[in-house]
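> Below you'll find my_file.pdb; it's PDB, C-alpha atoms and all ligand atoms.
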ATOM      1  CA  MET Y 983     -15.709 -14.401 -11.894
ATOM      2  CA  PRO Y 984     -15.233 -18.048 -12.780
ATOM      3  CA  GLN Y 985     -15.398 -20.054  -9.575
ATOM      4  CA  SER Y 986     -12.517 -22.144 -10.839
ATOM      5  CA  LYS Y 987     -10.053 -19.246 -10.468
ATOM      6  CA  MET Y 988     -11.071 -18.764  -6.852
ATOM      7  CA  ASN Y 989     -10.711 -22.480  -6.276
ATOM      8  CA  THR Y 990      -7.241 -22.426  -7.802
ATOM      9  CA  LEU Y 991      -6.159 -19.529  -5.593
ATOM     10  CA  ALA Y 992      -7.615 -21.213  -2.482
ATOM     11  CA  GLU Y 993      -5.677 -24.363  -3.338
ATOM     12  CA  TRP Y 994      -2.425 -22.476  -3.973
ATOM     13  CA  LEU Y 995      -2.805 -20.563  -0.706
ATOM     14  CA  LYS Y 996      -3.289 -23.766   1.233
ATOM     15  CA  THR Y 997      -0.365 -25.597  -0.295
ATOM     16  CA  SER Y 998       2.208 -22.787  -0.454
ATOM     17  CA  ARG Y 999       5.036 -22.606   2.028
ATOM     18  CA  CYS Y1000       5.757 -18.876   2.059
ATOM     19  CA  VAL Y1001       3.100 -16.387   0.971
ATOM     20  CA  MET Y1002       3.416 -12.618   0.724
ATOM     21  CA  ALA Y1003       1.039  -9.930  -0.471
ATOM     22  CA  LEU Y1004       1.993  -6.707  -2.220
ATOM     23  CA  THR Y1005      -0.817  -4.182  -1.944
ATOM     24  CA  GLY Y1006      -1.451  -0.780  -3.475
ATOM     25  CA  ALA Y1007      -3.959   2.031  -3.518
ATOM     26  CA  GLY Y1008      -6.640  -0.167  -5.144
ATOM     27  CA  ILE Y1009      -7.200  -2.218  -2.007
ATOM     28  CA  SER Y1010      -8.172   0.958  -0.149
ATOM     29  CA  ALA Y1011     -10.292   2.398  -2.975
ATOM     30  CA  GLU Y1012     -13.410   0.793  -1.518
ATOM     31  CA  SER Y1013     -12.579   2.382   1.838
ATOM     32  CA  GLY Y1014     -12.984   5.757   0.143
ATOM     33  CA  ILE Y1015      -9.342   6.656  -0.540
ATOM     34  CA  PRO Y1016      -8.838   7.543  -4.205
ATOM     35  CA  THR Y1017      -6.132   5.672  -6.121
ATOM     36  CA  PHE Y1018      -3.497   7.642  -8.003
ATOM     37  CA  ARG Y1019      -4.353   6.313 -11.395
ATOM     38  CA  GLY Y1020      -8.070   5.918 -10.937
ATOM     39  CA  VAL Y1021     -10.600   8.292 -12.356
ATOM     40  CA  GLN Y1022     -12.092  10.207  -9.482
ATOM     41  CA  GLY Y1023     -11.034  12.286  -6.537
ATOM     42  CA  LEU Y1024      -8.053  14.063  -5.206
ATOM     43  CA  TRP Y1025      -5.646  13.408  -8.010
ATOM     44  CA  GLU Y1026      -7.728  15.153 -10.635
ATOM     45  CA  LYS Y1027      -7.104  18.332  -8.673
ATOM     46  CA  TYR Y1028      -3.468  17.717  -7.854
ATOM     47  CA  ASP Y1029      -0.756  16.603 -10.282
ATOM     48  CA  ILE Y1030       0.831  13.847  -8.292
ATOM     49  CA  MET Y1031       4.369  14.166  -9.637
ATOM     50  CA  GLU Y1032       4.252  17.812  -8.714
ATOM     51  CA  PHE Y1033       2.577  17.576  -5.316
ATOM     52  CA  ALA Y1034       4.169  14.390  -4.026
ATOM     53  CA  HIS Y1035       7.755  15.223  -5.001
ATOM     54  CA  ILE Y1036      10.163  16.118  -2.244
ATOM     55  CA  ASP Y1037      11.575  19.017  -4.281
ATOM     56  CA  SER Y1038       8.090  20.571  -4.516
ATOM     57  CA  PHE Y1039       7.636  20.141  -0.794
ATOM     58  CA  ARG Y1040      10.895  21.932  -0.063
ATOM     59  CA  ALA Y1041      10.202  24.636  -2.650
ATOM     60  CA  ASP Y1042       6.598  25.384  -1.639
ATOM     61  CA  PRO Y1043       5.565  23.582   1.559
ATOM     62  CA  VAL Y1044       2.460  25.733   1.999
ATOM     63  CA  LYS Y1045       1.101  24.571  -1.361
ATOM     64  CA  VAL Y1046       1.915  20.903  -0.750
ATOM     65  CA  TRP Y1047       0.470  21.002   2.775
ATOM     66  CA  ARG Y1048      -2.879  22.133   1.279
ATOM     67  CA  MET Y1049      -3.018  18.804  -0.556
ATOM     68  CA  LEU Y1050      -1.676  16.879   2.442
ATOM     69  CA  LEU Y1051      -4.381  18.225   4.752
ATOM     70  CA  GLU Y1052      -7.056  17.124   2.313
ATOM     71  CA  LEU Y1053      -5.489  13.665   2.028
ATOM     72  CA  ASP Y1054      -5.155  13.564   5.808
ATOM     73  CA  GLN Y1055      -8.907  14.095   6.264
ATOM     74  CA  THR Y1056      -9.707  11.387   3.707
ATOM     75  CA  ILE Y1057      -7.385   8.897   5.416
ATOM     76  CA  LEU Y1058      -8.646   9.746   8.913
ATOM     77  CA  LYS Y1059     -12.206   8.880   7.893
ATOM     78  CA  ALA Y1060     -11.325   5.607   6.143
ATOM     79  CA  ARG Y1061     -12.000   2.203   7.672
ATOM     80  CA  PRO Y1062     -10.653  -1.169   6.533
ATOM     81  CA  ASN Y1063     -12.832  -3.031   4.042
ATOM     82  CA  ALA Y1064     -13.480  -6.723   3.480
ATOM     83  CA  ALA Y1065     -10.245  -7.128   1.485
ATOM     84  CA  HIS Y1066      -8.016  -5.768   4.283
ATOM     85  CA  LYS Y1067      -9.897  -8.000   6.719
ATOM     86  CA  ALA Y1068      -9.501 -11.081   4.526
ATOM     87  CA  LEU Y1069      -5.712 -10.565   4.380
ATOM     88  CA  ALA Y1070      -5.614 -10.156   8.170
ATOM     89  CA  GLU Y1071      -7.583 -13.386   8.529
ATOM     90  CA  LEU Y1072      -5.206 -15.209   6.172
ATOM     91  CA  GLU Y1073      -2.377 -14.148   8.486
ATOM     92  CA  THR Y1074      -4.282 -15.408  11.542
ATOM     93  CA  LEU Y1075      -4.796 -18.744   9.815
ATOM     94  CA  GLY Y1076      -1.033 -18.995   9.364
ATOM     95  CA  ILE Y1077      -1.274 -18.795   5.585
ATOM     96  CA  LEU Y1078      -0.069 -15.269   4.810
ATOM     97  CA  GLY Y1079       3.386 -14.421   6.129
ATOM     98  CA  LEU Y1080       3.743 -10.756   5.265
ATOM     99  CA  VAL Y1081       1.901  -7.831   3.704
ATOM    100  CA  VAL Y1082       4.146  -5.351   1.920
ATOM    101  CA  THR Y1083       2.002  -2.319   1.341
ATOM    102  CA  GLN Y1084       2.629   0.752  -0.747
ATOM    103  CA  ASN Y1085      -0.278   2.404   1.043
ATOM    104  CA  VAL Y1086       0.238   4.926   3.781
ATOM    105  CA  ASP Y1087      -3.238   4.694   5.317
ATOM    106  CA  ASN Y1088      -2.619   2.154   8.137
ATOM    107  CA  LEU Y1089      -5.707   0.167   7.066
ATOM    108  CA  HIS Y1090      -3.958  -3.224   7.081
ATOM    109  CA  GLN Y1091      -2.950  -2.693  10.694
ATOM    110  CA  ASP Y1092      -6.441  -1.386  11.526
ATOM    111  CA  ALA Y1093      -7.860  -4.597  10.046
ATOM    112  CA  GLY Y1094      -5.645  -6.692  12.324
ATOM    113  CA  SER Y1095      -2.618  -7.566  10.166
ATOM    114  CA  ARG Y1096       0.469  -7.707  12.370
ATOM    115  CA  HIS Y1097       3.172  -8.486   9.839
ATOM    116  CA  VAL Y1098       3.122  -5.402   7.641
ATOM    117  CA  VAL Y1099       5.978  -3.676   5.828
ATOM    118  CA  GLU Y1100       5.181  -0.023   5.205
ATOM    119  CA  PHE Y1101       7.160   0.348   2.009
ATOM    120  CA  HIS Y1102       6.174   4.005   1.536
ATOM    121  CA  GLY Y1103       5.762   4.969   5.193
ATOM    122  CA  ASN Y1104       2.630   5.912   7.120
ATOM    123  CA  ALA Y1105       0.637   9.136   6.824
ATOM    124  CA  LYS Y1106      -0.561   8.863  10.421
ATOM    125  CA  ARG Y1107       2.948   9.576  11.689
ATOM    126  CA  PHE Y1108       4.964  12.765  11.143
ATOM    127  CA  ARG Y1109       8.652  13.606  11.067
ATOM    128  CA  CYS Y1110      10.969  16.600  10.770
ATOM    129  CA  LEU Y1111      12.631  16.743   7.394
ATOM    130  CA  ASP Y1112      15.825  18.226   8.870
ATOM    131  CA  CYS Y1113      16.527  16.487  12.193
ATOM    132  CA  GLY Y1114      14.265  13.439  11.844
ATOM    133  CA  THR Y1115      12.389  13.976  15.124
ATOM    134  CA  PRO Y1116       9.173  11.915  15.036
ATOM    135  CA  TYR Y1117       5.870  13.543  15.943
ATOM    136  CA  GLU Y1118       2.469  12.157  16.910
ATOM    137  CA  ARG Y1119      -0.553  13.790  15.287
ATOM    138  CA  ALA Y1120      -1.523  15.519  18.571
ATOM    139  CA  GLN Y1121       1.896  17.206  18.710
ATOM    140  CA  VAL Y1122       1.623  18.776  15.253
ATOM    141  CA  ASN Y1123       0.173  22.245  14.871
ATOM    142  CA  PHE Y1124      -1.819  22.164  11.634
ATOM    143  CA  SER Y1125      -3.380  25.606  12.094
ATOM    144  CA  GLU Y1126      -0.807  27.580  10.085
ATOM    145  CA  PRO Y1127       0.796  25.247   7.550
ATOM    146  CA  PRO Y1128       3.542  24.278   7.170
ATOM    147  CA  PRO Y1129       4.008  22.861  10.673
ATOM    148  CA  ARG Y1130       7.560  23.251  11.960
ATOM    149  CA  CYS Y1131       9.856  21.339  14.265
ATOM    150  CA  PHE Y1132      11.482  22.913  17.345
ATOM    151  CA  CYS Y1133      14.628  22.996  15.174
ATOM    152  CA  THR Y1134      12.630  25.139  12.634
ATOM    153  CA  GLY Y1135      12.776  22.312  10.047
ATOM    154  CA  LEU Y1136       9.680  21.395   8.055
ATOM    155  CA  ILE Y1137       7.445  18.666   9.479
ATOM    156  CA  LYS Y1138       5.998  16.284   6.924
ATOM    157  CA  PRO Y1139       3.916  13.117   7.075
ATOM    158  CA  ASP Y1140       6.225  10.122   7.497
ATOM    159  CA  VAL Y1141       5.621   8.997   3.917
ATOM    160  CA  VAL Y1142       8.045   8.473   1.064
ATOM    161  CA  PHE Y1143       7.707  11.263  -1.488
ATOM    162  CA  PHE Y1144       8.904  10.861  -5.056
ATOM    163  CA  GLY Y1145      12.629  11.653  -4.975
ATOM    164  CA  GLU Y1146      13.081  10.081  -1.518
ATOM    165  CA  ALA Y1147      14.583   6.693  -0.647
ATOM    166  CA  ILE Y1148      12.586   3.714   0.624
ATOM    167  CA  PRO Y1149      13.286   3.197   4.369
ATOM    168  CA  TRP Y1150      16.134   0.654   4.375
ATOM    169  CA  ALA Y1151      14.587  -1.784   6.876
ATOM    170  CA  ALA Y1152      11.320  -1.949   4.910
ATOM    171  CA  HIS Y1153      13.266  -2.399   1.682
ATOM    172  CA  ALA Y1154      15.405  -5.203   3.112
ATOM    173  CA  ARG Y1155      12.502  -7.088   4.694
ATOM    174  CA  ALA Y1156      10.340  -6.868   1.573
ATOM    175  CA  PHE Y1157      13.102  -8.027  -0.788
ATOM    176  CA  ASP Y1158      14.132 -10.855   1.567
ATOM    177  CA  MET Y1159      10.570 -12.097   1.589
ATOM    178  CA  ALA Y1160      10.242 -11.789  -2.196
ATOM    179  CA  ARG Y1161      13.296 -14.032  -2.592
ATOM    180  CA  GLN Y1162      11.802 -16.690  -0.314
ATOM    181  CA  ALA Y1163       8.148 -16.560  -1.311
ATOM    182  CA  ASP Y1164       6.531 -19.286  -3.368
ATOM    183  CA  LEU Y1165       3.275 -17.332  -3.789
ATOM    184  CA  VAL Y1166       2.795 -13.575  -4.160
ATOM    185  CA  LEU Y1167      -0.608 -11.893  -4.124
ATOM    186  CA  VAL Y1168      -0.480  -8.578  -5.950
ATOM    187  CA  VAL Y1169      -3.585  -6.686  -4.868
ATOM    188  CA  GLY Y1170      -4.770  -3.303  -6.128
ATOM    189  CA  THR Y1171      -1.536  -1.979  -7.533
ATOM    190  CA  SER Y1172      -0.768  -0.828 -11.042
ATOM    191  CA  ALA Y1173       2.800  -2.044 -10.369
ATOM    192  CA  VAL Y1174       4.468   0.853 -12.102
ATOM    193  CA  VAL Y1175       6.163   2.477  -9.095
ATOM    194  CA  ALA Y1176       9.659   1.002  -8.599
ATOM    195  CA  PRO Y1177      11.157  -0.497  -6.541
ATOM    196  CA  ALA Y1178       7.892  -1.957  -5.151
ATOM    197  CA  SER Y1179       7.019  -3.156  -8.634
ATOM    198  CA  ASP Y1180      10.259  -5.208  -8.703
ATOM    199  CA  LEU Y1181       9.058  -7.431  -5.839
ATOM    200  CA  PRO Y1182       6.702  -9.702  -7.805
ATOM    201  CA  ILE Y1183       9.213  -9.889 -10.673
ATOM    202  CA  LEU Y1184      12.021 -10.949  -8.335
ATOM    203  CA  ALA Y1185       9.740 -13.513  -6.676
ATOM    204  CA  LYS Y1186       8.780 -14.898 -10.064
ATOM    205  CA  HIS Y1187      12.453 -15.270 -11.040
ATOM    206  CA  ASN Y1188      12.923 -17.251  -7.851
ATOM    207  CA  GLY Y1189      10.140 -19.629  -8.777
ATOM    208  CA  ALA Y1190       7.117 -18.071  -7.064
ATOM    209  CA  ARG Y1191       3.617 -18.027  -8.454
ATOM    210  CA  VAL Y1192       2.155 -14.559  -8.928
ATOM    211  CA  VAL Y1193      -1.564 -13.915  -8.525
ATOM    212  CA  GLU Y1194      -3.105 -10.541  -9.271
ATOM    213  CA  ILE Y1195      -6.357  -9.234  -7.839
ATOM    214  CA  ASN Y1196      -7.353  -6.162  -9.785
ATOM    215  CA  PRO Y1197     -10.334  -5.111 -11.936
ATOM    216  CA  GLU Y1198      -7.844  -4.084 -14.656
ATOM    217  CA  ALA Y1199      -4.912  -5.838 -16.266
ATOM    218  CA  THR Y1200      -1.535  -4.308 -15.355
ATOM    219  CA  VAL Y1201       2.000  -4.299 -16.737
ATOM    220  CA  LEU Y1202       2.553  -7.589 -14.890
ATOM    221  CA  THR Y1203      -0.472  -9.419 -16.232
ATOM    222  CA  GLU Y1204       0.873 -10.722 -19.500
ATOM    223  CA  ASP Y1205       4.393 -11.847 -18.656
ATOM    224  CA  VAL Y1206       4.607 -12.221 -14.882
ATOM    225  CA  THR Y1207       1.169 -13.146 -13.579
ATOM    226  CA  ASP Y1208       0.102 -16.790 -13.365
ATOM    227  CA  LEU Y1209      -3.505 -16.066 -12.424
ATOM    228  CA  ILE Y1210      -5.607 -12.900 -12.300
ATOM    229  CA  LEU Y1211      -8.849 -12.568 -10.377
ATOM    230  CA  GLN Y1212     -10.260  -9.653 -12.285
ATOM    231  CA  GLY Y1213     -12.495  -7.651  -9.962
ATOM    232  CA  PRO Y1214     -12.573  -5.478  -6.837
ATOM    233  CA  ALA Y1215     -10.454  -6.907  -4.021
ATOM    234  CA  SER Y1216     -13.326  -6.787  -1.520
ATOM    235  CA  GLN Y1217     -15.341  -9.113  -3.755
ATOM    236  CA  MET Y1218     -12.514 -11.473  -4.674
ATOM    237  CA  LEU Y1219     -10.710 -12.162  -1.389
ATOM    238  CA  PRO Y1220     -13.562 -13.030   1.036
ATOM    239  CA  PRO Y1221     -14.960 -15.889  -1.111
ATOM    240  CA  VAL Y1222     -11.440 -17.327  -1.435
ATOM    241  CA  LEU Y1223     -11.119 -17.201   2.340
ATOM    242  CA  ASP Y1224     -14.464 -18.993   2.668
ATOM    243  CA  LEU Y1225     -13.253 -21.731   0.341
ATOM    244  CA  ILE Y1226     -10.141 -22.200   2.468
ATOM    245  CA  ARG Y1227     -12.165 -22.327   5.678
ATOM    246  CA  ARG Y1228     -14.619 -24.835   4.237
ATOM    247  CA  ARG Y1229     -11.864 -27.142   3.136
ATOM    248  CA  ALA Y1230      -9.817 -26.870   6.323
TER     249      ALA Y1230
HETATM  250  P1  LIG Y1301      -2.268   3.124  -8.508
HETATM  251  O1  LIG Y1301      -3.218   4.238  -8.238
HETATM  252  O2  LIG Y1301      -1.176   3.325  -9.470
HETATM  253  O3  LIG Y1301      -3.090   1.863  -9.038
HETATM  254  C1  LIG Y1301      -4.255   1.437  -8.405
HETATM  255  C2  LIG Y1301      -4.573   0.056  -8.944
HETATM  256  O4  LIG Y1301      -5.669  -0.451  -8.197
HETATM  257  C3  LIG Y1301      -4.999   0.038 -10.426
HETATM  258  O5  LIG Y1301      -4.320  -1.000 -11.079
HETATM  259  C4  LIG Y1301      -6.503  -0.232 -10.347
HETATM  260  O6  LIG Y1301      -6.973  -0.972 -11.460
HETATM  261  C5  LIG Y1301      -6.592  -1.034  -9.085
HETATM  262  N1  LIG Y1301      -7.888  -0.998  -8.402
HETATM  263  C6  LIG Y1301      -8.821  -0.019  -8.386
HETATM  264  N2  LIG Y1301      -9.868  -0.358  -7.621
HETATM  265  C7  LIG Y1301      -9.587  -1.584  -7.129
HETATM  266  C8  LIG Y1301     -10.276  -2.483  -6.257
HETATM  267  N3  LIG Y1301     -11.468  -2.174  -5.742
HETATM  268  N4  LIG Y1301      -9.697  -3.668  -5.961
HETATM  269  C9  LIG Y1301      -8.488  -4.004  -6.485
HETATM  270  N5  LIG Y1301      -7.785  -3.193  -7.299
HETATM  271  C10 LIG Y1301      -8.324  -2.000  -7.612
HETATM  272  O7  LIG Y1301      -1.751   2.668  -7.088
HETATM  273  P2  LIG Y1301      -0.355   2.040  -6.638
HETATM  274  O8  LIG Y1301       0.065   0.997  -7.610
HETATM  275  O9  LIG Y1301      -0.520   1.697  -5.216
HETATM  276  O10 LIG Y1301       0.704   3.203  -6.777
HETATM  277  C11 LIG Y1301       0.404   4.449  -6.276
HETATM  278  C12 LIG Y1301       1.273   4.991  -5.159
HETATM  279  O11 LIG Y1301       0.414   5.899  -4.490
HETATM  280  C13 LIG Y1301       1.688   4.022  -4.108
HETATM  281  O12 LIG Y1301       3.044   4.169  -3.999
HETATM  282  C14 LIG Y1301       1.045   4.496  -2.792
HETATM  283  O13 LIG Y1301       2.077   4.828  -1.879
HETATM  284  C15 LIG Y1301       0.388   5.800  -3.096
HETATM  285  N6  LIG Y1301      -1.048   5.925  -2.703
HETATM  286  C16 LIG Y1301      -1.465   5.419  -1.517
HETATM  287  C17 LIG Y1301      -2.809   5.502  -1.170
HETATM  288  C18 LIG Y1301      -3.240   4.920   0.160
HETATM  289  O14 LIG Y1301      -2.461   4.895   1.094
HETATM  290  N7  LIG Y1301      -4.474   4.424   0.249
HETATM  291  C19 LIG Y1301      -3.731   6.101  -2.036
HETATM  292  C20 LIG Y1301      -3.251   6.641  -3.252
HETATM  293  C21 LIG Y1301      -1.907   6.533  -3.578
HETATM  294 ZN    ZN Y1302      13.695  19.154  13.409
END
For the file at hand, write its structure as structure tokens.
Ligand code: NAD
Ligand code: ZN

Amino acid sequence: MPQSKMNTLAEWLKTSRCVMALTGAGISAESGIPTFRGVQGLWEKYDIMEFAHIDSFRADPVKVWRMLLELDQTILKARPNAAHKALAELETLGILGLVVTQNVDNLHQDAGSRHVVEFHGNAKRFRCLDCGTPYERAQVNFSEPPPRCFCTGLIKPDVVFFGEAIPWAAHARAFDMARQADLVLVVGTSAVVAPASDLPILAKHNGARVVEINPEATVLTEDVTDLILQGPASQMLPPVLDLIRRRA
């Protein structure tokens, strides 16, 4: 990676007024959680549009819960990596205002980020599909899937399935920030799942710079992105943080 790109990002981070990050599955790949569009893991076994669609869940909750339990185990074992920690540190330094994450693994919060919008919910919480009652993990009986609410409704992880709406508060906060931001870090997302993928585009229209951190180019790279640090997030973000600290 040319040092000059890291220098540029460090400079932009230091001089920007309002910085947000949009993160996706790629930032957690090095914590052992497979991405959707990567090559290995869970999603070779399970067709994502089939298994993560709310209609499939309603039609065959036993089948979908088989996948969910496997994902649950993967997420439970995962720990934040150097990229999550670098974003948390940027927040502590007063540089990063908000992380909008499409991930449901809680790893930003585990790394110490306090300003996090869970755009697609959180797989460590659970909720009844019918009456909305929230459940802690310890209250859910996983022994004979699907777990059910006292109202007999289906319990599901508190994540947004395909075919479901984004929680309105998360949506509003993320889009507000995108309108105000002058720098957006787009980390580990293929940026093809709307409406999350609209955030960097909206920010760009409002004058923000867009920086991608991703080993691969994405649909944003050519027309929206101002700078791409092409590599794994855990190798790109910590050196940028070091540069900022050294120049402070
Ligand atoms: P995606 O799978 O579509 O894309 C992953 C992106 O990450 C790709 O562009 C890939 O090149 C990049 N990437 C891979 N390794 C990387 C690394 N080490 N550092 C930086 N980038 C890396 O993921 P998406 O865009 O987030 O969309 C998928 C949807 O799936 C999201 O809505 C999310 O809710 C859900 N999801 C979440 C998790 C999780 O919570 N960890 C995991 C899988 C999927
Ligand atoms: Zn219920």
> Please identify all protein, DNA and RNA residues within 6 Å of ligand LIG 1301 (chain Y), counting only C-alpha atoms and all ligand atoms, and report them as a PyMOL selection string.
chain Y and resi 1006-1012+1015-1020+1084-1087+1102+1169-1173+1175+1195-1198+1214-1215
> When you count only C-alpha atoms and all ligand atoms, which of these residues is closest to ligand ZN 1302 (chain Y): Y:Thr1134, Y:Gln1091, Y:Ser1013, Y:Thr1083?
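Looking at the shortest contact to ligand ZN 1302 (chain Y), the residue is Y:Thr1134.
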> Which chain Y residues have any atom within 6 Å of an atom of ligand ZN 1302 (chain Y), and for each, what is the nearest pair of atoms with distance in Å to one decimal, counting only C-alpha atoms and all ligand atoms, rows sorted by chain and number, as a Markdown table?

| residue | atom | partner | partner_atom | distance |
| --- | --- | --- | --- | --- |
| Y:Cys1110 | CA | Y:ZN1302 | ZN | 4.6 |
| Y:Asp1112 | CA | Y:ZN1302 | ZN | 5.1 |
| Y:Cys1113 | CA | Y:ZN1302 | ZN | 4.1 |
| Y:Gly1114 | CA | Y:ZN1302 | ZN | 6.0 |
| Y:Thr1115 | CA | Y:ZN1302 | ZN | 5.6 |
| Y:Cys1131 | CA | Y:ZN1302 | ZN | 4.5 |
| Y:Phe1132 | CA | Y:ZN1302 | ZN | 5.9 |
| Y:Cys1133 | CA | Y:ZN1302 | ZN | 4.3 |
| Y:Gly1135 | CA | Y:ZN1302 | ZN | 4.7 |
> Considering all atoms listed in the file, can you say which of Y:Gln1212, Y:Asp1054, Y:Ile1226, Y:Glu1100 comes closest to Y:Trp1150?
Y:Glu1100
> Tell me, in Å to one decimal, how far atom CA of Y:Met1049 is from atom CA of Y:Ile1030.
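These atoms are spaced 10.0 Å apart.
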> What is the atom CA of Y:Ala1151 to atom CA of Y:His1187 distance in Å?
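The value is 22.5 Å.
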> Evaluate the PyMOL selection byres (((chain Y and resi 1207) around 12) and not hetatm) on the structure here and hand back the selected residues as a PyMOL selection string.
chain Y and resi 1165-1169+1173+1182-1183+1185-1187+1190-1196+1199-1206+1208-1211
> So the first atom is atom CA of Y:Glu1146 and the second is atom CA of Y:Glu1118; what is the distance between them in Å, to one decimal place?
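Separation of atom CA of Y:Glu1146 and atom CA of Y:Glu1118: 21.4 Å.
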> Leaving out Y:Ile1077 and any residue of its chain fewer than 5 positions from it, which residues lie within 7 Å of it when counting all atoms listed in the file, given as a PyMOL selection string?
chain Y and resi 995-996+1001+1072
> Please enumerate the residues selected by the PyMOL selection byres (((chain Y and resi 1095) around 10) and not hetatm) when evaluated against the supplied file, formatted as a list in words.
His1066, Lys1067, Ala1068, Leu1069, Ala1070, Glu1071, Leu1072, Glu1073, Thr1074, Leu1078, Gly1079, Leu1080, Val1081, Asn1088, Leu1089, His1090, Gln1091, Asp1092, Ala1093, Gly1094, Arg1096, His1097 and Val1098 of chain Y
> Could you tell me which residues the PyMOL selection byres (((chain Y and resi 1034) around 10) and not hetatm) returns for this structure, as a ChimeraX atom specification?
/Y:1028-1033,1035-1039,1046,1049-1050,1141-1145
> Looking at Y:Gly1076, Y:Pro1177, Y:Pro1127, Y:Pro1149, which one is nearest to Y:Cys1000, with distances taken over all atoms listed in the file?
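Closest candidate: Y:Gly1076.
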> Within 8 Å of Y:Ala1156, counting only C-alpha atoms, which residues show up once you throw out same-chain ones fewer than 4 positions away? Write them as a PyMOL selection string, please.
chain Y and resi 1082+1099+1101+1152+1160+1181
